[in-house]
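Colleague: I'm passing along query-v8.json; it holds JSON, C-alpha atoms and all ligand atoms.
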[["chain", "number", "residue", "atom", "x", "y", "z"],
["A", 8, "MET", "CA", 0.00, 0.00, 0.00],
["A", 9, "ILE", "CA", 2.81, 2.42, 0.90],
["A", 10, "SER", "CA", 4.73, 1.36, -2.20],
["A", 11, "GLY", "CA", 1.62, 2.22, -4.21],
["A", 12, "TYR", "CA", 1.61, 5.75, -2.81],
["A", 13, "VAL", "CA", 5.38, 6.18, -3.25],
["A", 14, "ARG", "CA", 5.23, 5.08, -6.91],
["A", 15, "ARG", "CA", 2.46, 7.61, -7.68],
["A", 16, "ALA", "CA", 3.95, 10.46, -5.65],
["A", 17, "GLY", "CA", 2.96, 13.70, -7.34],
["A", 18, "LEU", "CA", 0.09, 12.09, -9.21],
["A", 19, "VAL", "CA", -1.69, 11.64, -5.89],
["A", 20, "ASP", "CA", -1.39, 14.28, -3.22],
["A", 21, "VAL", "CA", 1.37, 12.71, -1.10],
["A", 22, "LEU", "CA", 4.23, 15.17, -1.66],
["A", 23, "GLY", "CA", 5.35, 18.05, 0.46],
["A", 24, "ALA", "CA", 4.98, 18.94, 4.09],
["A", 25, "PHE", "CA", 1.99, 17.82, 6.09],
["A", 26, "GLY", "CA", 2.06, 21.05, 8.07],
["A", 27, "ALA", "CA", 2.82, 19.67, 11.54],
["A", 28, "ARG", "CA", 5.85, 18.59, 13.57],
["A", 29, "ASN", "CA", 6.25, 15.16, 15.14],
["A", 30, "VAL", "CA", 7.46, 14.32, 18.62],
["A", 31, "GLN", "CA", 11.01, 14.47, 17.25],
["A", 32, "GLY", "CA", 10.45, 18.12, 16.38],
["A", 33, "GLU", "CA", 10.78, 17.22, 12.70],
["A", 34, "GLU", "CA", 8.54, 18.68, 10.00],
["A", 35, "GLN", "CA", 6.23, 15.79, 9.02],
["A", 36, "GLN", "CA", 5.94, 15.05, 5.31],
["A", 37, "LYS", "CA", 2.54, 14.00, 3.98],
["A", 38, "LEU", "CA", 3.92, 10.57, 3.18],
["A", 39, "ASP", "CA", 5.22, 10.18, 6.77],
["A", 40, "VAL", "CA", 1.65, 10.62, 8.01],
["A", 41, "ILE", "CA", 0.07, 8.46, 5.28],
["A", 42, "ALA", "CA", 2.59, 5.65, 5.87],
["A", 43, "ASN", "CA", 2.05, 5.88, 9.63],
["A", 44, "GLU", "CA", -1.73, 5.66, 9.31],
["A", 45, "THR", "CA", -1.42, 2.81, 6.78],
["A", 46, "VAL", "CA", 0.68, 0.68, 9.16],
["A", 47, "LYS", "CA", -1.49, 1.53, 12.19],
["A", 48, "GLN", "CA", -4.70, 0.52, 10.39],
["A", 49, "ALA", "CA", -3.28, -2.52, 8.58],
["A", 50, "ILE", "CA", -1.57, -4.01, 11.64],
["A", 51, "GLY", "CA", -3.91, -2.68, 14.34],
["A", 52, "PHE", "CA", -6.77, -4.84, 13.05],
["A", 53, "THR", "CA", -4.87, -8.13, 12.68],
["A", 54, "GLY", "CA", -5.43, -9.24, 16.27],
["A", 55, "ARG", "CA", -1.69, -10.06, 16.35],
["A", 56, "VAL", "CA", -0.38, -7.03, 18.26],
["A", 57, "CYS", "CA", -1.32, -5.51, 21.63],
["A", 58, "VAL", "CA", 0.46, -2.18, 21.14],
["A", 59, "MET", "CA", 2.36, -0.25, 18.43],
["A", 60, "ALA", "CA", 4.93, 2.54, 18.79],
["A", 61, "SER", "CA", 5.86, 4.76, 15.87],
["A", 62, "GLU", "CA", 8.43, 7.44, 15.14],
["A", 63, "GLU", "CA", 5.44, 9.61, 14.19],
["A", 64, "GLU", "CA", 3.49, 9.06, 17.42],
["A", 65, "GLY", "CA", 4.49, 10.68, 20.73],
["A", 66, "ASP", "CA", 3.00, 7.81, 22.77],
["A", 67, "PRO", "CA", 2.45, 4.10, 22.16],
["A", 68, "VAL", "CA", -0.81, 3.17, 20.40],
["A", 69, "PRO", "CA", -2.50, 0.41, 22.43],
["A", 70, "VAL", "CA", -4.81, -1.97, 20.54],
["A", 71, "PRO", "CA", -8.22, -1.65, 22.29],
["A", 72, "ALA", "CA", -9.69, -4.66, 24.11],
["A", 73, "GLU", "CA", -12.56, -4.97, 21.62],
["A", 74, "ARG", "CA", -10.02, -5.79, 18.90],
["A", 75, "ASN", "CA", -8.63, -8.77, 20.82],
["A", 76, "PRO", "CA", -5.07, -7.52, 21.36],
["A", 77, "GLY", "CA", -2.47, -10.09, 20.30],
["A", 78, "LYS", "CA", 0.78, -11.25, 21.89],
["A", 79, "TYR", "CA", 3.18, -9.16, 19.81],
["A", 80, "VAL", "CA", 4.50, -5.59, 19.92],
["A", 81, "LEU", "CA", 5.32, -3.55, 16.80],
["A", 82, "LEU", "CA", 7.83, -0.67, 16.83],
["A", 83, "TYR", "CA", 8.24, 1.09, 13.50],
["A", 84, "ASP", "CA", 9.53, 3.97, 11.47],
["A", 85, "PRO", "CA", 6.78, 4.24, 8.88],
["A", 86, "LEU", "CA", 8.82, 6.24, 6.42],
["A", 87, "ASP", "CA", 12.58, 6.49, 6.72],
["A", 88, "GLY", "CA", 14.48, 9.05, 4.66],
["A", 89, "SER", "CA", 11.67, 11.62, 4.49],
["A", 90, "SER", "CA", 14.00, 14.29, 3.11],
["A", 91, "ASN", "CA", 14.25, 12.18, -0.05],
["A", 92, "ILE", "CA", 10.53, 11.77, -0.78],
["A", 93, "ASP", "CA", 10.06, 14.83, -3.00],
["A", 94, "VAL", "CA", 13.22, 14.19, -5.01],
["A", 95, "ASN", "CA", 12.43, 10.58, -5.91],
["A", 96, "VAL", "CA", 15.30, 9.01, -3.98],
["A", 97, "SER", "CA", 14.94, 5.64, -2.22],
["A", 98, "ILE", "CA", 13.04, 5.63, 1.09],
["A", 99, "GLY", "CA", 11.89, 2.84, 3.36],
["A", 100, "THR", "CA", 9.87, 1.48, 6.27],
["A", 101, "ILE", "CA", 11.61, -0.15, 9.27],
["A", 102, "PHE", "CA", 9.95, -2.51, 11.78],
["A", 103, "SER", "CA", 10.89, -4.28, 15.00],
["A", 104, "ILE", "CA", 8.78, -7.00, 16.65],
["A", 105, "HIS", "CA", 8.83, -8.10, 20.31],
["A", 106, "LYS", "CA", 6.70, -10.50, 22.32],
["A", 107, "ARG", "CA", 4.47, -8.63, 24.78],
["A", 108, "ALA", "CA", 6.26, -8.31, 28.12],
["A", 109, "THR", "CA", 3.34, -7.35, 30.39],
["A", 110, "PRO", "CA", 0.96, -9.98, 31.78],
["A", 111, "GLY", "CA", -2.62, -10.44, 30.57],
["A", 112, "ASN", "CA", -4.11, -10.13, 27.11],
["A", 113, "GLY", "CA", -5.51, -6.62, 27.23],
["A", 114, "PRO", "CA", -4.14, -3.57, 25.44],
["A", 115, "GLY", "CA", -0.33, -3.35, 25.57],
["A", 116, "THR", "CA", 1.56, -0.57, 27.36],
["A", 117, "LEU", "CA", 4.69, 1.59, 27.18],
["A", 118, "ALA", "CA", 6.60, -1.12, 29.09],
["A", 119, "ASP", "CA", 5.93, -3.52, 26.20],
["A", 120, "CYS", "CA", 7.60, -1.00, 23.85],
["A", 121, "MET", "CA", 10.65, -0.47, 26.06],
["A", 122, "GLN", "CA", 12.28, -3.88, 25.66],
["A", 123, "VAL", "CA", 15.98, -4.29, 24.95],
["A", 124, "GLY", "CA", 16.96, -4.96, 21.34],
["A", 125, "ARG", "CA", 18.43, -8.42, 21.95],
["A", 126, "ASP", "CA", 14.93, -9.63, 22.90],
["A", 127, "GLN", "CA", 13.47, -8.81, 19.45],
["A", 128, "ILE", "CA", 11.87, -11.87, 17.87],
["A", 129, "ALA", "CA", 11.76, -10.36, 14.36],
["A", 130, "ALA", "CA", 12.83, -7.24, 12.49],
["A", 131, "GLY", "CA", 13.10, -5.97, 8.95],
["A", 132, "TYR", "CA", 12.50, -3.24, 6.47],
["A", 133, "VAL", "CA", 10.89, -2.47, 3.13],
["A", 134, "ILE", "CA", 12.88, -0.30, 0.73],
["A", 135, "TYR", "CA", 11.03, 1.64, -1.98],
["A", 136, "GLY", "CA", 13.86, 1.82, -4.48],
["A", 137, "SER", "CA", 14.21, 0.79, -8.12],
["A", 138, "SER", "CA", 12.15, -2.16, -6.90],
["A", 139, "THR", "CA", 10.20, -2.67, -3.68],
["A", 140, "VAL", "CA", 12.22, -5.07, -1.54],
["A", 141, "LEU", "CA", 11.33, -6.68, 1.82],
["A", 142, "VAL", "CA", 14.21, -7.84, 4.01],
["A", 143, "TYR", "CA", 13.46, -9.56, 7.33],
["A", 144, "SER", "CA", 14.69, -12.05, 9.87],
["A", 145, "VAL", "CA", 12.97, -14.03, 12.62],
["A", 146, "GLY", "CA", 16.30, -15.02, 14.08],
["A", 147, "HIS", "CA", 17.13, -17.72, 11.52],
["A", 148, "GLY", "CA", 19.03, -15.74, 8.89],
["A", 149, "VAL", "CA", 18.14, -12.77, 6.72],
["A", 150, "HIS", "CA", 15.88, -13.23, 3.70],
["A", 151, "LEU", "CA", 15.15, -10.89, 0.80],
["A", 152, "PHE", "CA", 11.91, -10.70, -1.22],
["A", 153, "THR", "CA", 11.06, -8.48, -4.19],
["A", 154, "LEU", "CA", 7.51, -7.26, -4.80],
["A", 155, "ASP", "CA", 6.28, -8.52, -8.16],
["A", 156, "PRO", "CA", 3.79, -5.79, -9.11],
["A", 157, "THR", "CA", 2.25, -7.99, -11.80],
["A", 158, "ILE", "CA", 0.88, -10.33, -9.13],
["A", 159, "GLY", "CA", 1.10, -8.13, -6.01],
["A", 160, "GLU", "CA", 3.16, -10.74, -4.16],
["A", 161, "PHE", "CA", 6.63, -10.65, -2.58],
["A", 162, "ARG", "CA", 8.83, -13.34, -4.16],
["A", 163, "LEU", "CA", 11.88, -14.80, -2.41],
["A", 164, "LEU", "CA", 15.15, -13.77, -4.09],
["A", 165, "ASN", "CA", 17.91, -14.29, -1.48],
["A", 166, "HIS", "CA", 17.76, -16.81, 1.34],
["A", 167, "ASP", "CA", 20.09, -16.39, 4.32],
["A", 168, "ILE", "CA", 22.11, -13.33, 3.20],
["A", 169, "GLN", "CA", 25.64, -13.15, 4.63],
["A", 170, "THR", "CA", 27.14, -9.65, 4.56],
["A", 171, "PRO", "CA", 30.81, -9.51, 3.43],
["A", 172, "PRO", "CA", 33.18, -9.24, 6.45],
["A", 173, "VAL", "CA", 35.05, -6.35, 4.80],
["A", 174, "GLY", "CA", 33.07, -3.78, 2.82],
["A", 175, "LYS", "CA", 33.51, -1.69, -0.31],
["A", 176, "PHE", "CA", 31.67, 1.36, 1.05],
["A", 177, "TYR", "CA", 31.62, 3.79, 3.90],
["A", 178, "SER", "CA", 28.51, 5.93, 4.49],
["A", 179, "VAL", "CA", 28.56, 9.06, 6.63],
["A", 180, "ASN", "CA", 27.35, 12.64, 6.31],
["A", 181, "GLU", "CA", 30.76, 14.32, 6.01],
["A", 182, "SER", "CA", 29.26, 17.81, 6.32],
["A", 183, "TYR", "CA", 29.36, 17.20, 10.10],
["A", 184, "TYR", "CA", 33.15, 16.67, 10.02],
["A", 185, "GLN", "CA", 33.77, 19.75, 12.16],
["A", 186, "ARG", "CA", 31.42, 18.44, 14.87],
["A", 187, "TRP", "CA", 33.06, 15.02, 15.23],
["A", 188, "THR", "CA", 35.70, 13.91, 17.68],
["A", 189, "GLU", "CA", 39.20, 13.46, 16.34],
["A", 190, "GLY", "CA", 38.61, 9.72, 16.22],
["A", 191, "TYR", "CA", 35.85, 9.87, 13.59],
["A", 192, "ARG", "CA", 37.82, 12.43, 11.61],
["A", 193, "ARG", "CA", 40.76, 10.01, 11.55],
["A", 194, "VAL", "CA", 38.53, 7.08, 10.49],
["A", 195, "VAL", "CA", 37.16, 9.05, 7.54],
["A", 196, "GLN", "CA", 40.66, 10.17, 6.54],
["A", 197, "MET", "CA", 41.73, 6.50, 6.56],
["A", 198, "PHE", "CA", 38.68, 5.48, 4.48],
["A", 199, "LYS", "CA", 39.84, 8.12, 1.97],
["A", 200, "GLY", "CA", 43.17, 6.27, 1.78],
["A", 201, "VAL", "CA", 45.11, 9.24, 3.17],
["A", 202, "GLU", "CA", 47.35, 7.02, 5.31],
["A", 203, "ASP", "CA", 47.23, 3.74, 3.37],
["A", 204, "PRO", "CA", 45.69, 3.38, -0.12],
["A", 205, "GLN", "CA", 44.74, -0.14, 0.83],
["A", 206, "GLN", "CA", 42.23, 1.21, 3.36],
["A", 207, "ARG", "CA", 40.35, 3.37, 0.84],
["A", 208, "LYS", "CA", 36.61, 2.66, 0.48],
["A", 209, "ASN", "CA", 34.05, 4.17, -1.88],
["A", 210, "ALA", "CA", 31.95, 6.93, -0.29],
["A", 211, "ARG", "CA", 28.19, 6.49, -0.69],
["A", 212, "TYR", "CA", 25.66, 8.46, 1.36],
["A", 213, "ILE", "CA", 22.01, 8.46, 0.21],
["A", 214, "GLY", "CA", 20.55, 10.09, 3.31],
["A", 215, "SER", "CA", 18.03, 7.28, 3.76],
["A", 216, "LEU", "CA", 19.29, 4.94, 6.46],
["A", 217, "VAL", "CA", 17.43, 1.99, 4.94],
["A", 218, "ALA", "CA", 18.99, 2.53, 1.50],
["A", 219, "ASP", "CA", 22.51, 3.08, 2.86],
["A", 220, "PHE", "CA", 22.16, 0.04, 5.14],
["A", 221, "HIS", "CA", 20.75, -2.18, 2.37],
["A", 222, "ARG", "CA", 23.58, -1.41, -0.08],
["A", 223, "ASN", "CA", 26.15, -2.14, 2.63],
["A", 224, "LEU", "CA", 24.34, -5.35, 3.66],
["A", 225, "LEU", "CA", 24.63, -6.74, 0.13],
["A", 226, "ALA", "CA", 27.98, -5.28, -0.98],
["A", 227, "GLY", "CA", 29.66, -4.95, 2.40],
["A", 228, "GLY", "CA", 30.38, -1.63, 4.07],
["A", 229, "VAL", "CA", 29.97, 0.48, 7.18],
["A", 230, "PHE", "CA", 27.36, 3.15, 7.94],
["A", 231, "MET", "CA", 28.23, 5.72, 10.59],
["A", 232, "TYR", "CA", 26.01, 8.28, 12.28],
["A", 233, "PRO", "CA", 28.29, 9.33, 15.15],
["A", 234, "ALA", "CA", 27.42, 11.45, 18.13],
["A", 235, "ASP", "CA", 28.58, 14.99, 17.45],
["A", 236, "SER", "CA", 28.78, 18.35, 19.20],
["A", 237, "LYS", "CA", 25.21, 19.20, 18.13],
["A", 238, "SER", "CA", 23.70, 15.72, 18.57],
["A", 239, "PRO", "CA", 25.51, 14.27, 21.61],
["A", 240, "LYS", "CA", 23.33, 11.15, 21.43],
["A", 241, "GLY", "CA", 23.45, 10.90, 17.63],
["A", 242, "LYS", "CA", 20.31, 11.34, 15.50],
["A", 243, "LEU", "CA", 18.95, 7.86, 14.85],
["A", 244, "ARG", "CA", 16.36, 6.32, 17.16],
["A", 245, "LEU", "CA", 17.19, 3.16, 19.11],
["A", 246, "GLN", "CA", 13.83, 1.34, 19.24],
["A", 247, "TYR", "CA", 12.74, 1.53, 15.61],
["A", 248, "GLU", "CA", 15.85, 2.35, 13.56],
["A", 249, "ALA", "CA", 19.05, 1.11, 15.26],
["A", 250, "ASN", "CA", 17.64, -2.02, 16.96],
["A", 251, "PRO", "CA", 15.84, -3.58, 13.99],
["A", 252, "LEU", "CA", 18.78, -2.95, 11.65],
["A", 253, "ALA", "CA", 21.23, -4.20, 14.27],
["A", 254, "PHE", "CA", 19.17, -7.42, 14.51],
["A", 255, "ILE", "CA", 19.38, -7.82, 10.72],
["A", 256, "ALA", "CA", 23.09, -6.94, 10.60],
["A", 257, "GLU", "CA", 24.00, -9.55, 13.23],
["A", 258, "GLN", "CA", 21.79, -12.20, 11.62],
["A", 259, "ALA", "CA", 23.73, -11.59, 8.40],
["A", 260, "GLY", "CA", 27.11, -11.91, 10.16],
["A", 261, "GLY", "CA", 27.63, -8.18, 10.59],
["A", 262, "LYS", "CA", 27.83, -5.92, 13.66],
["A", 263, "ALA", "CA", 26.19, -2.81, 15.15],
["A", 264, "THR", "CA", 27.45, -0.62, 17.99],
["A", 265, "ASP", "CA", 27.00, 2.89, 19.32],
["A", 266, "GLY", "CA", 30.78, 3.31, 19.09],
["A", 267, "ALA", "CA", 31.30, 1.53, 22.41],
["A", 268, "ARG", "CA", 28.38, -0.82, 23.20],
["A", 269, "ARG", "CA", 26.53, -3.46, 21.15],
["A", 270, "ILE", "CA", 23.31, -1.76, 20.01],
["A", 271, "LEU", "CA", 21.20, -4.78, 20.97],
["A", 272, "ASP", "CA", 22.40, -4.57, 24.58],
["A", 273, "ILE", "CA", 21.45, -0.91, 25.14],
["A", 274, "GLU", "CA", 18.66, -0.78, 27.75],
["A", 275, "PRO", "CA", 16.10, 1.77, 26.48],
["A", 276, "GLU", "CA", 15.24, 4.59, 28.91],
["A", 277, "GLU", "CA", 12.91, 6.60, 26.64],
["A", 278, "LEU", "CA", 10.71, 5.45, 23.79],
["A", 279, "HIS", "CA", 12.23, 7.84, 21.24],
["A", 280, "GLN", "CA", 15.78, 7.87, 22.55],
["A", 281, "ARG", "CA", 18.54, 8.46, 20.05],
["A", 282, "THR", "CA", 21.81, 6.59, 19.70],
["A", 283, "PRO", "CA", 24.99, 6.91, 17.68],
["A", 284, "LEU", "CA", 25.11, 4.06, 15.13],
["A", 285, "ILE", "CA", 28.07, 2.28, 13.54],
["A", 286, "ILE", "CA", 26.68, -0.69, 11.58],
["A", 287, "GLY", "CA", 27.69, -3.10, 8.82],
["A", 288, "SER", "CA", 30.60, -5.41, 7.98],
["A", 289, "THR", "CA", 32.16, -6.79, 11.16],
["A", 290, "SER", "CA", 35.75, -6.03, 10.25],
["A", 291, "ASP", "CA", 34.86, -2.43, 9.30],
["A", 292, "VAL", "CA", 32.79, -1.81, 12.44],
["A", 293, "ASP", "CA", 35.63, -3.20, 14.57],
["A", 294, "PHE", "CA", 38.13, -0.98, 12.72],
["A", 295, "VAL", "CA", 36.02, 2.12, 13.37],
["A", 296, "MET", "CA", 35.55, 1.28, 17.06],
["A", 297, "GLN", "CA", 39.22, 0.51, 17.60],
["A", 298, "THR", "CA", 40.46, 3.65, 15.80],
["A", 299, "VAL", "CA", 37.97, 5.96, 17.51],
["A", 300, "THR", "CA", 38.71, 4.48, 20.94],
["A", 301, "GLU", "CA", 42.49, 4.79, 20.48],
["A", 302, "VAL", "CA", 42.47, 8.29, 18.98],
["A", 303, "ASP", "CA", 39.90, 9.79, 21.34],
["A", 304, "ALA", "CA", 41.64, 8.29, 24.37],
["A", 305, "ALA", "CA", 44.91, 9.89, 23.21],
["A", 306, "THR", "CA", 43.41, 13.30, 22.45],
["A", 307, "VAL", "CA", 42.24, 14.16, 25.95],
["A", 308, "THR", "CA", 40.47, 17.51, 25.52],
["B", 1, "LIG", "P1", 13.55, 9.79, 9.04],
["B", 1, "LIG", "O1", 13.24, 10.29, 7.68],
["B", 1, "LIG", "O2", 12.77, 8.57, 9.43],
["B", 1, "LIG", "O3", 13.52, 10.89, 10.08],
["B", 1, "LIG", "O4", 15.06, 9.26, 9.02],
["B", 1, "LIG", "C1", 16.02, 10.05, 8.43],
["B", 1, "LIG", "C2", 17.36, 9.62, 8.96],
["B", 1, "LIG", "C3", 17.95, 8.45, 8.20],
["B", 1, "LIG", "O5", 17.10, 7.89, 7.25],
["B", 1, "LIG", "C4", 19.16, 9.05, 7.51],
["B", 1, "LIG", "O6", 20.25, 8.17, 7.59],
["B", 1, "LIG", "C5", 19.43, 10.29, 8.32],
["B", 1, "LIG", "O7", 18.20, 10.73, 8.82],
["B", 1, "LIG", "C6", 20.04, 11.36, 7.49],
["B", 1, "LIG", "O8", 20.34, 12.41, 8.41],
["B", 1, "LIG", "P2", 21.26, 13.64, 7.91],
["B", 1, "LIG", "O9", 20.43, 14.37, 6.91],
["B", 1, "LIG", "O10", 21.55, 14.40, 9.18],
["B", 1, "LIG", "O11", 22.50, 13.03, 7.32],
["B", 2, "MN", "MN", 14.10, 7.08, 10.00],
["B", 3, "MN", "MN", 10.72, 8.30, 9.56]]
Could you write out this file's structure as structure tokens?

Modeller:
Amino acid sequence: MISGYVRRAGLVDVLGAFGARNVQGEEQQKLDVIANETVKQAIGFTGRVCVMASEEEGDPVPVPAERNPGKYVLLYDPLDGSSNIDVNVSIGTIFSIHKRATPGNGPGTLADCMQVGRDQIAAGYVIYGSSTVLVYSVGHGVHLFTLDPTIGEFRLLNHDIQTPPVGKFYSVNESYYQRWTEGYRRVVQMFKGVEDPQQRKNARYIGSLVADFHRNLLAGGVFMYPADSKSPKGKLRLQYEANPLAFIAEQAGGKATDGARRILDIEPEELHQRTPLIIGSTSDVDFVMQTVTEVDAATVT
């Protein structure tokens, strides 16, 4: 349904700003709101979930008792990469699924949405790119399906994806270079081959986390959204961006940290809390962590 809107953007009134700000303080795009409502309605009536939490909703959305709340919890970013909607660049939807944590079978609560990432039972994303691709895992490998618009079904293309241990790409918004610690500056210099041509990687930054993550998952690479002087906790949200992608990355043999800790071990304190994110090929993530730790320890400010 969201893919249908995305592919007709402009022909149907889904472009531009919605005219409100979300709990993140971000200007909501029309498609953010449409995608959010689509997921809420489509999933809220399945009887499978007891509560949903969305990037576009300040509070969790409990499933009312009369709809027979289910035993699962859905956390989601209905539309990731909103800045790219109006310029026809790939965007996506990210989802994270937990078992309900609170007793009973009534509507779920905030506590159900505040579970640690390692307890996820499923996670995945849909990317609205040159084709509409679904990637998910239920803890037994990562599987990729492509939507066949001629029959309206997702067809399995890749079973049990393994991400290359060393990647071809690094993805980071280098316009924040001045805000980073010395460690991240050094990492990016090394990825440019300044110290050793062997360490050079291709720079690719789409500005949609899902698209940058997906390319790195398949081709190998590392995505970095570090903490910086203006965003001391980073920009990306733990519960419905970092955790689901970290689950996928690890299931595909990759890694995800906040620069120090494994993303999946970070105990959430707030529903919309942000985290720095270094995610992708294990060897590259380790290299970033090691370099940043060494350099920032040495440059005591
Ligand atoms: P969203 O559109 O859901 O708010 O997410 C946008 C995120 C993520 O998709 C992307 O990696 C990042 O914002 C880009 O941020 P910068 O423009 O600061 O690089
Ligand atoms: Mn997002
Ligand atoms: Mn979003």

Colleague: Counting all atoms listed in the file, which protein, DNA or RNA residues come within 10 Å of ligand LIG 1 (chain B), given as a PyMOL selection string?

Modeller: chain A and resi 29+31+33-36+39+62-63+83-92+97-101+178-183+212-220+230-232+238+241-244+247-248+284

Colleague: Contacts of Ala267 in chain A at 10 Å or less, counting only C-alpha atoms, minus same-chain residues fewer than 6 places along, as an NGL selection string?

Modeller: :A and (283-285 or 296-297 or 299-300)

Colleague: Find the residues around Ala60 in chain A up to 8 Å (all atoms listed in the file counted), leave out those fewer than 4 positions away in its own chain, and share them as a count of residues only.

Modeller: 8

Colleague: Counting all atoms listed in the file, what is within 12 Å of Glu301 in chain A, bar same-chain residues fewer than 3 positions away, as number ranges by chain?

Modeller: A: 188-191, 193-194, 266-267, 294-298, 304-307

Colleague: Using only C-alpha atoms, which protein or nucleic acid residues come within 6 Å of range 129-134 of chain A? Drop anything in the same chain fewer than 6 positions from it, and give the result as a ChimeraX atom specification.

Modeller: /A:98-104,140-145,251

Colleague: For Gly77 in chain A, please output as a ChimeraX atom specification all residues within 10 Å (counting only C-alpha atoms; exclusion window: fewer than 3 positions along the same chain).

Modeller: /A:51-58,70,72,74,80,106-107,112-115

Colleague: Okay, now the selection with C-alpha atoms, as a compact mmCIF listing (two decimals), in the frame of the given file?

Modeller:
# COMPACT_ATOMS: atom_id res chain seq x y z
CA GLY A 51 -3.91 -2.68 14.34
CA PHE A 52 -6.77 -4.84 13.05
CA THR A 53 -4.87 -8.13 12.68
CA GLY A 54 -5.43 -9.24 16.27
CA ARG A 55 -1.69 -10.06 16.35
CA VAL A 56 -0.38 -7.03 18.26
CA CYS A 57 -1.32 -5.51 21.63
CA VAL A 58 0.46 -2.18 21.14
CA VAL A 70 -4.81 -1.97 20.54
CA ALA A 72 -9.69 -4.66 24.11
CA ARG A 74 -10.02 -5.79 18.90
CA VAL A 80 4.50 -5.59 19.92
CA LYS A 106 6.70 -10.50 22.32
CA ARG A 107 4.47 -8.63 24.78
CA ASN A 112 -4.11 -10.13 27.11
CA GLY A 113 -5.51 -6.62 27.23
CA PRO A 114 -4.14 -3.57 25.44
CA GLY A 115 -0.33 -3.35 25.57

Colleague: Between CA of Glu257 in chain A and CA of Val46 in chain A, what distance in Å does the model show, to one decimal?

Modeller: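 Separating CA of Glu257 in chain A from CA of Val46 in chain A is a distance of 25.8 Å.
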
Colleague: Tell me, in Å to one decimal, how far CA of Val19 in chain A is from CA of Glu160 in chain A.

Modeller: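 CA of Glu160 in chain A lies at a distance of 23.0 Å from CA of Val19 in chain A.
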
Colleague: What is the distance between CA of Gly32 in chain A and CA of Ser61 in chain A, in Å to one decimal?

Modeller: 14.1 Å

Colleague: Can you tell me, as JSON, the centre and edge lengths (Å, one decimal) of the axis-aligned box enclosing all of range 90-93 of chain A's listed atoms after padding each side by 4 Å?

Modeller:
{"center_x": 12.2, "center_y": 13.3, "center_z": 0.1, "size_x": 12.2, "size_y": 11.1, "size_z": 14.1}

Colleague: Which is closer to ligand MN 2 (chain B) than all the others in A:Asp303, A:Ala249, A:Arg222, A:Lys208, using all atoms listed in the file?

Modeller: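 Looking only at the distances to ligand MN 2 (chain B), the closest residue turns out to be A:Ala249.
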
Colleague: Find the residue from A:Asp235, A:Met8, A:Asn250, A:Glu274 that sits nearest to ligand MN 2 (chain B); use all atoms listed in the file when measuring.

Modeller: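 Closest to ligand MN 2 (chain B) of all the choices is A:Asn250.
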
Colleague: Under the rule that all atoms listed in the file are counted, which of A:Ile158, A:Val292, A:Ala16, A:Val30 is the nearest residue to Ala263 in chain A?

Modeller: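 Closest candidate: A:Val292.
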